[in-house]
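Structure file work.txt (compact mmCIF, C-alpha atoms) is printed below.
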# COMPACT_ATOMS: atom_id res chain seq x y z
CA MET A 14 -54.57 -32.31 25.18
CA ASN A 15 -52.39 -29.27 25.66
CA ALA A 16 -53.35 -25.78 26.79
CA LYS A 17 -50.85 -24.33 24.30
CA GLY A 18 -52.42 -23.30 21.02
CA GLY A 19 -50.87 -24.31 17.72
CA CYS A 20 -49.01 -27.36 19.03
CA GLY A 21 -50.76 -29.83 16.72
CA LYS A 22 -53.81 -31.12 18.56
CA THR A 23 -56.08 -31.08 15.51
CA THR A 24 -53.33 -32.67 13.45
CA VAL A 25 -53.14 -35.46 16.00
CA ALA A 26 -56.90 -35.90 16.19
CA THR A 27 -57.57 -35.92 12.45
CA ASN A 28 -54.61 -38.09 11.49
CA LEU A 29 -55.34 -40.57 14.25
CA ALA A 30 -58.98 -40.75 13.13
CA GLY A 31 -57.85 -41.25 9.54
CA TYR A 32 -55.41 -43.99 10.50
CA CYS A 33 -57.98 -45.83 12.64
CA ALA A 34 -60.50 -45.69 9.79
CA SER A 35 -57.91 -46.90 7.27
CA GLN A 36 -57.25 -49.92 9.50
CA GLY A 37 -60.93 -50.85 9.57
CA TYR A 38 -61.79 -49.44 12.99
CA ALA A 39 -65.02 -47.44 13.27
CA ALA A 40 -63.95 -44.01 14.54
CA VAL A 41 -65.84 -40.99 15.84
CA LEU A 42 -64.28 -37.51 15.82
CA PHE A 43 -65.65 -34.98 18.33
CA ASP A 44 -64.69 -31.37 17.60
CA TYR A 45 -64.78 -29.28 20.80
CA ASP A 46 -62.76 -26.41 19.33
CA PRO A 47 -64.88 -23.36 18.30
CA GLN A 48 -62.44 -22.87 15.40
CA GLY A 49 -64.03 -25.98 13.86
CA SER A 50 -60.87 -27.22 12.14
CA SER A 51 -61.71 -30.91 12.55
CA THR A 52 -65.24 -30.31 11.33
CA ARG A 53 -63.93 -28.62 8.17
CA TRP A 54 -61.50 -31.50 7.69
CA LEU A 55 -64.37 -33.98 7.79
CA LYS A 56 -66.41 -31.94 5.31
CA ALA A 57 -63.51 -32.11 2.84
CA ARG A 58 -63.37 -35.92 3.15
CA THR A 59 -64.93 -37.75 0.19
CA GLU A 60 -66.82 -41.05 0.07
CA SER A 61 -63.82 -42.73 -1.53
CA TYR A 62 -62.23 -42.97 1.93
CA PRO A 63 -63.47 -44.92 4.97
CA ALA A 64 -66.23 -43.01 6.73
CA ILE A 65 -65.59 -41.20 10.01
CA HIS A 66 -68.55 -40.08 12.09
CA GLY A 67 -68.12 -36.44 13.11
CA VAL A 68 -69.75 -34.33 15.82
CA ALA A 69 -69.40 -30.53 16.03
CA ALA A 70 -69.44 -30.66 19.83
CA TYR A 71 -68.55 -26.98 20.14
CA GLU A 72 -72.00 -26.08 18.80
CA PRO A 73 -75.11 -26.12 21.01
CA PRO A 74 -77.70 -28.76 20.05
CA LYS A 75 -80.33 -27.71 17.54
CA ALA A 76 -83.87 -26.96 18.66
CA GLY A 77 -85.65 -30.08 19.83
CA ILE A 78 -82.44 -32.10 20.25
CA THR A 79 -80.86 -32.85 23.62
CA ARG A 80 -77.14 -32.54 24.29
CA SER A 81 -76.88 -36.26 25.01
CA TRP A 82 -78.49 -37.06 21.65
CA GLN A 83 -76.14 -34.65 19.88
CA LEU A 84 -73.14 -36.43 21.45
CA ARG A 85 -74.41 -39.96 20.91
CA ILE A 86 -71.91 -42.54 19.70
CA PRO A 87 -72.95 -44.91 16.89
CA GLN A 88 -72.94 -48.63 17.54
CA GLN A 89 -69.83 -50.55 16.49
CA THR A 90 -67.64 -47.52 17.28
CA ARG A 91 -64.15 -48.62 18.29
CA TYR A 92 -62.42 -45.30 19.00
CA VAL A 93 -63.79 -41.93 20.06
CA ILE A 94 -61.30 -39.13 19.44
CA ARG A 95 -61.86 -35.71 20.98
CA ASP A 96 -60.25 -32.65 19.40
CA THR A 97 -60.26 -30.02 22.14
CA PRO A 98 -59.40 -26.32 22.18
CA ALA A 99 -56.43 -24.57 23.68
CA GLY A 100 -56.71 -23.04 27.13
CA TYR A 101 -58.76 -25.73 28.87
CA THR A 102 -58.78 -25.16 32.64
CA GLY A 103 -60.82 -26.02 35.71
CA ILE A 104 -63.99 -28.03 35.25
CA ASP A 105 -63.59 -28.22 31.46
CA LEU A 106 -60.20 -29.85 31.89
CA TRP A 107 -61.54 -32.25 34.51
CA ASP A 108 -64.51 -33.19 32.32
CA ARG A 109 -62.39 -34.08 29.31
CA VAL A 110 -59.99 -36.09 31.46
CA HIS A 111 -62.87 -37.90 33.17
CA GLU A 112 -64.40 -38.86 29.79
CA SER A 113 -61.16 -40.24 28.35
CA ASP A 114 -59.09 -43.37 28.72
CA VAL A 115 -56.02 -42.06 26.89
CA ILE A 116 -54.62 -38.52 26.78
CA LEU A 117 -52.18 -37.58 24.02
CA ILE A 118 -50.12 -34.41 24.47
CA PRO A 119 -48.51 -32.93 21.35
CA VAL A 120 -45.41 -30.80 21.96
CA LEU A 121 -43.42 -28.55 19.60
CA PRO A 122 -39.62 -28.18 19.83
CA SER A 123 -39.59 -24.60 21.13
CA VAL A 124 -38.78 -23.16 24.55
CA ILE A 125 -42.18 -21.45 24.79
CA ASP A 126 -44.02 -24.67 24.00
CA MET A 127 -41.95 -26.70 26.42
CA HIS A 128 -42.63 -24.32 29.32
CA SER A 129 -46.32 -24.21 28.48
CA THR A 130 -46.49 -27.99 28.28
CA ALA A 131 -44.78 -28.38 31.64
CA ASN A 132 -47.45 -26.15 33.19
CA PHE A 133 -50.20 -28.07 31.42
CA VAL A 134 -48.91 -31.43 32.65
CA ARG A 135 -48.94 -30.01 36.19
CA ASP A 136 -52.59 -28.94 35.77
CA LEU A 137 -53.45 -32.26 34.15
CA LEU A 138 -52.20 -34.11 37.21
CA LEU A 139 -53.32 -31.71 39.95
CA ILE A 140 -56.61 -30.33 38.58
CA GLY A 141 -57.56 -33.00 36.09
CA LYS A 142 -56.47 -35.79 38.46
CA ALA A 143 -55.39 -37.77 35.39
CA ARG A 144 -53.19 -40.31 37.15
CA ALA A 145 -55.49 -40.53 40.14
CA GLN A 146 -58.24 -41.53 37.70
CA GLY A 147 -56.02 -44.15 36.08
CA LYS A 148 -55.71 -42.40 32.71
CA GLN A 149 -52.94 -43.33 30.30
CA ILE A 150 -50.86 -40.30 29.26
CA ALA A 151 -48.37 -40.06 26.40
CA ILE A 152 -46.49 -37.34 24.56
CA ILE A 153 -46.14 -36.85 20.81
CA ALA A 154 -43.22 -34.74 19.59
CA ASN A 155 -44.56 -32.69 16.69
CA ARG A 156 -42.88 -31.04 13.68
CA THR A 157 -39.52 -32.56 14.48
CA ARG A 158 -36.30 -32.27 12.52
CA ILE A 159 -33.42 -34.54 13.37
CA ARG A 160 -29.99 -33.22 14.33
CA THR A 161 -31.24 -29.73 15.23
CA ARG A 162 -30.47 -27.83 18.43
CA SER A 163 -34.15 -27.37 19.18
CA MET A 164 -34.72 -31.13 18.88
CA VAL A 165 -31.90 -31.85 21.33
CA LYS A 166 -33.51 -29.46 23.84
CA LEU A 167 -36.93 -31.06 23.30
CA GLU A 168 -35.55 -34.56 23.87
CA ARG A 169 -33.88 -33.41 27.10
CA PHE A 170 -37.11 -31.76 28.27
CA LEU A 171 -39.24 -34.82 27.51
CA ARG A 172 -36.92 -37.15 29.42
CA ASN A 173 -37.56 -35.08 32.56
CA LEU A 174 -41.36 -35.31 32.37
CA ASP A 175 -41.59 -39.01 33.22
CA ILE A 176 -44.27 -39.50 30.54
CA PRO A 177 -43.65 -41.86 27.60
CA VAL A 178 -42.92 -40.30 24.20
CA ILE A 179 -44.68 -42.66 21.80
CA ALA A 180 -44.11 -40.91 18.45
CA GLN A 181 -42.16 -38.23 16.65
CA ILE A 182 -43.94 -36.46 13.80
CA ARG A 183 -41.81 -35.07 11.01
CA ASP A 184 -42.01 -31.46 9.94
CA THR A 185 -43.33 -32.07 6.42
CA GLN A 186 -45.84 -30.57 4.00
CA HIS A 187 -47.47 -33.98 3.65
CA TYR A 188 -49.67 -33.11 6.64
CA VAL A 189 -50.78 -29.88 5.00
CA HIS A 190 -51.64 -31.67 1.74
CA ALA A 191 -53.55 -34.37 3.60
CA ALA A 192 -55.53 -31.85 5.66
CA GLU A 193 -56.67 -30.03 2.53
CA GLN A 194 -58.25 -33.28 1.29
CA GLY A 195 -59.85 -34.33 4.56
CA ILE A 196 -57.61 -37.37 4.89
CA GLY A 197 -54.84 -38.58 7.15
CA VAL A 198 -51.23 -38.58 6.02
CA CYS A 199 -51.41 -42.38 5.88
CA GLU A 200 -54.08 -42.06 3.18
CA LEU A 201 -52.01 -39.96 0.79
CA ALA A 202 -51.31 -41.58 -2.54
CA GLU A 203 -47.72 -40.30 -2.78
CA SER A 204 -45.25 -43.05 -2.01
CA ALA A 205 -42.95 -40.49 -0.38
CA ALA A 206 -45.58 -39.96 2.33
CA GLN A 207 -45.77 -43.60 3.37
CA ARG A 208 -42.90 -43.26 5.83
CA ASP A 209 -45.10 -40.83 7.75
CA SER A 210 -47.60 -43.60 8.49
CA THR A 211 -45.19 -45.25 10.93
CA PRO A 212 -45.80 -42.86 13.87
CA TRP A 213 -49.54 -43.42 13.61
CA ALA A 214 -49.10 -47.17 13.65
CA ASN A 215 -46.92 -46.78 16.75
CA ILE A 216 -49.54 -44.61 18.45
CA LEU A 217 -52.35 -47.06 17.77
CA ASP A 218 -50.19 -49.98 18.93
CA TRP A 219 -49.45 -48.15 22.19
CA MET A 220 -53.12 -47.36 22.70
CA GLN A 221 -54.14 -50.95 22.11
CA GLN A 222 -51.65 -52.14 24.72
CA HIS A 223 -53.62 -50.10 27.25
CA ASP A 224 -57.08 -50.81 25.91
CA ARG A 225 -59.69 -51.58 28.47
CA GLN A 226 -62.63 -53.81 27.77
CA ASN A 227 -64.75 -50.76 27.05
CA ASP A 228 -64.25 -48.52 24.00
CA THR A 229 -61.31 -46.16 24.25
CA VAL A 230 -61.88 -42.41 24.27
CA VAL A 231 -58.92 -40.30 23.19
CA SER A 232 -58.60 -36.59 23.95
CA ALA A 233 -56.16 -34.47 21.97
CA VAL A 234 -56.96 -31.02 23.29
CA SER A 235 -57.19 -29.30 20.02
CA ARG A 236 -56.24 -26.62 17.78
CA VAL A 237 -54.31 -26.86 14.60
CA MET A 238 -53.51 -29.27 12.05
CA PRO A 239 -50.24 -30.81 11.15
CA PHE A 240 -49.12 -33.92 13.38
CA ALA A 241 -48.77 -35.64 14.73
Kindly present the structure from the file in structure tokens form.
Amino acid sequence: MNAKGGCGKTTVATNLAGYCASQGYAAVLFDYDPQGSSTRWLKARTESYPAIHGVAAYEPPKAGITRSWQLRIPQQTRYVIRDTPAGYTGIDLWDRVHESDVILIPVLPSVIDMHSTANFVRDLLLIGKARAQGKQIAIIANRTRIRTRSMVKLERFLRNLDIPVIAQIRDTQHYVHAAEQGIGVCELAESAAQRDSTPWANILDWMQQHDRQNDTVVSAVSRVMPFA
């Protein structure tokens, strides 16, 4: 989740879903963003890749179908990943937090994004009551480039938030190429892209450390694609 648009929420959601599926975990991807980026990503995915069940949750249910039926989760599902829109506030923010076990916050290395994220974390804790509800929160640094001034500022900012940074996502066109095919970066055939699978393995490992006995629901308040 992150109220800031364009920080990489859809990138996180789609790549995490792709990585879970590639590891043999049944995954469900809920698209709450009216832009429908995750839904388009799923439509581009072919049968040659592990199936991911998708739900266009931003759409109202069709005639004769209840909302609960529209949002049903198939049996054997291991991970439910929610791609949410920018600008969540109030009851919408509380609802998504309440429904989730893990909240992933993507952050870009820019001053504007850092300020926006600081405000969002405040709302997440005060309005969403994330820690009071026992939710696990982690940050993902997105579109990073080593040895840059902006990266140094981002690292300093993240140290002050007192929230674990569990992955750094490189600024690479591999995420763009993967998104066009409806796959995660870990599913790309190019050998040069394999190094970009490591952050996703780290994220899943961190999530599994905090798994409860019930299925984990992950919210990555959504928007664009390249991630994380």
Pick out the residues sitting within 10 Å of His128 (chain A), and hand them over as an mmCIF file with C-alpha atoms, in the coordinates of the input; count all atoms listed in the file, and ignore anything fewer than 5 positions along from it in its own chain.
data_model
loop_
_atom_site.group_PDB
_atom_site.id
_atom_site.type_symbol
_atom_site.label_atom_id
_atom_site.label_comp_id
_atom_site.auth_asym_id
_atom_site.auth_seq_id
_atom_site.Cartn_x
_atom_site.Cartn_y
_atom_site.Cartn_z
ATOM 1 C CA LYS A 17 -50.850 -24.330 24.300
ATOM 2 C CA SER A 123 -39.590 -24.600 21.130
ATOM 3 C CA PHE A 133 -50.200 -28.070 31.420
ATOM 4 C CA PHE A 170 -37.110 -31.760 28.270
#
A:Asn15, A:Thr23, A:Gln36, A:Gln146 ranked by distance to Gly100 (chain A), top pick (using all atoms listed in the file):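 Closest residue, counting all atoms listed in the file: A:Asn15.
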Per residue of region 68-159 of chain A within 9 Å of region 183-189 of chain A, which atom pair is closest and at what distance in Å (one decimal), using all atoms listed in the file, listed by chain and increasing number, as a tab-separated table?
residue	atom	partner	partner_atom	distance
A:Ala154	CA	A:Arg183	CA	8.7
A:Asn155	CA	A:Arg183	CA	6.7
A:Arg156	CA	A:Asp184	CA	3.9
A:Thr157	CA	A:Arg183	CA	4.9
A:Arg158	CA	A:Asp184	CA	6.3
A:Ile159	CA	A:Arg183	CA	8.7
One-decimal distance in Å that lies between CA of Gln181 (chain A) and CA of Ile216 (chain A):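 Result for CA of Ile216 (chain A) versus CA of Gln181 (chain A): 9.9 Å, one decimal.
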Polymer residues at most 8 Å from Asp209 (chain A), all atoms listed in the file, same-chain spacing of 6 or more positions, as a list in words: Ile182, Arg183, Val198 and Cys199 of chain A
d(CA of Leu106 (chain A), CA of Tyr38 (chain A)) in Å: 27.3 Å
Residues within 12 Å of (-76.3, -40.0, 19.6), file coords, only C-alpha atoms, listed as a list in words: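 Every residue inside that radius is included here: Val41, Phe43, His66, Gly67, Val68, Ala70, Pro74, Ile78, Thr79, Arg80, Ser81, Trp82, Gln83, Leu84, Arg85, Ile86, Pro87, Gln88 and Thr90 of chain A.
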Non-local contacts of Val110 (chain A) (8 Å; only C-alpha atoms; under 4 positions in same chain excluded) as a PyMOL selection string: chain A and resi 106+114+116+141-143+148+232
Atom pair CA of Ala206 (chain A) / CA of Cys33 (chain A): separation (Å):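 About the pair CA of Ala206 (chain A) and CA of Cys33 (chain A): they are 17.2 Å apart.
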Which residue of A:Ala151, A:Ile104, A:Ala40, A:Val120 approaches Val230 (chain A) most closely, using only C-alpha atoms: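 Among A:Ala151, A:Ile104, A:Ala40, A:Val120, it is A:Ala40 that comes nearest to Val230 (chain A).
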9 Å contact set for Glu200 (chain A), only C-alpha atoms, chain neighbours under 3 positions out, as a ChimeraX atom specification: /A:31-32,35,62,191,196-197,203,206-207,210
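Nearest residue to Pro177 (chain A), choosing from A:Ala76, A:Ile152, A:Ala39, A:Val93 and counting all atoms listed in the file: A:Ile152.
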Of the listed residues A:Lys22, A:His111, A:His190, A:His223, that which approaches Ile140 (chain A) most closely, counting all atoms listed in the file: A:His111
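Distance annotation: of A:Val178, A:Val231, A:Ala16, A:Ala64, the residue with the minimal separation from Asp105 (chain A) is A:Ala16; atom set is only C-alpha atoms.
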Nearest to Leu171 (chain A), chosen from A:Ala131, A:Leu201, A:Ile125, A:Ala214, with only C-alpha atoms counted in the distances: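 Going through A:Ala131, A:Leu201, A:Ile125, A:Ala214 one by one, the smallest distance to Leu171 (chain A) is for A:Ala131.
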Please put the answer as lines of an AutoDock Vina configuration file: centre and edge lengths, in Å with one decimal, of a box along x, y and z that encloses all listed atoms of region 159-168 of chain A plus 8 Å on each side.
center_x = -33.5
center_y = -31.0
center_z = 18.6
size_x = 22.9
size_y = 23.2
size_z = 26.5
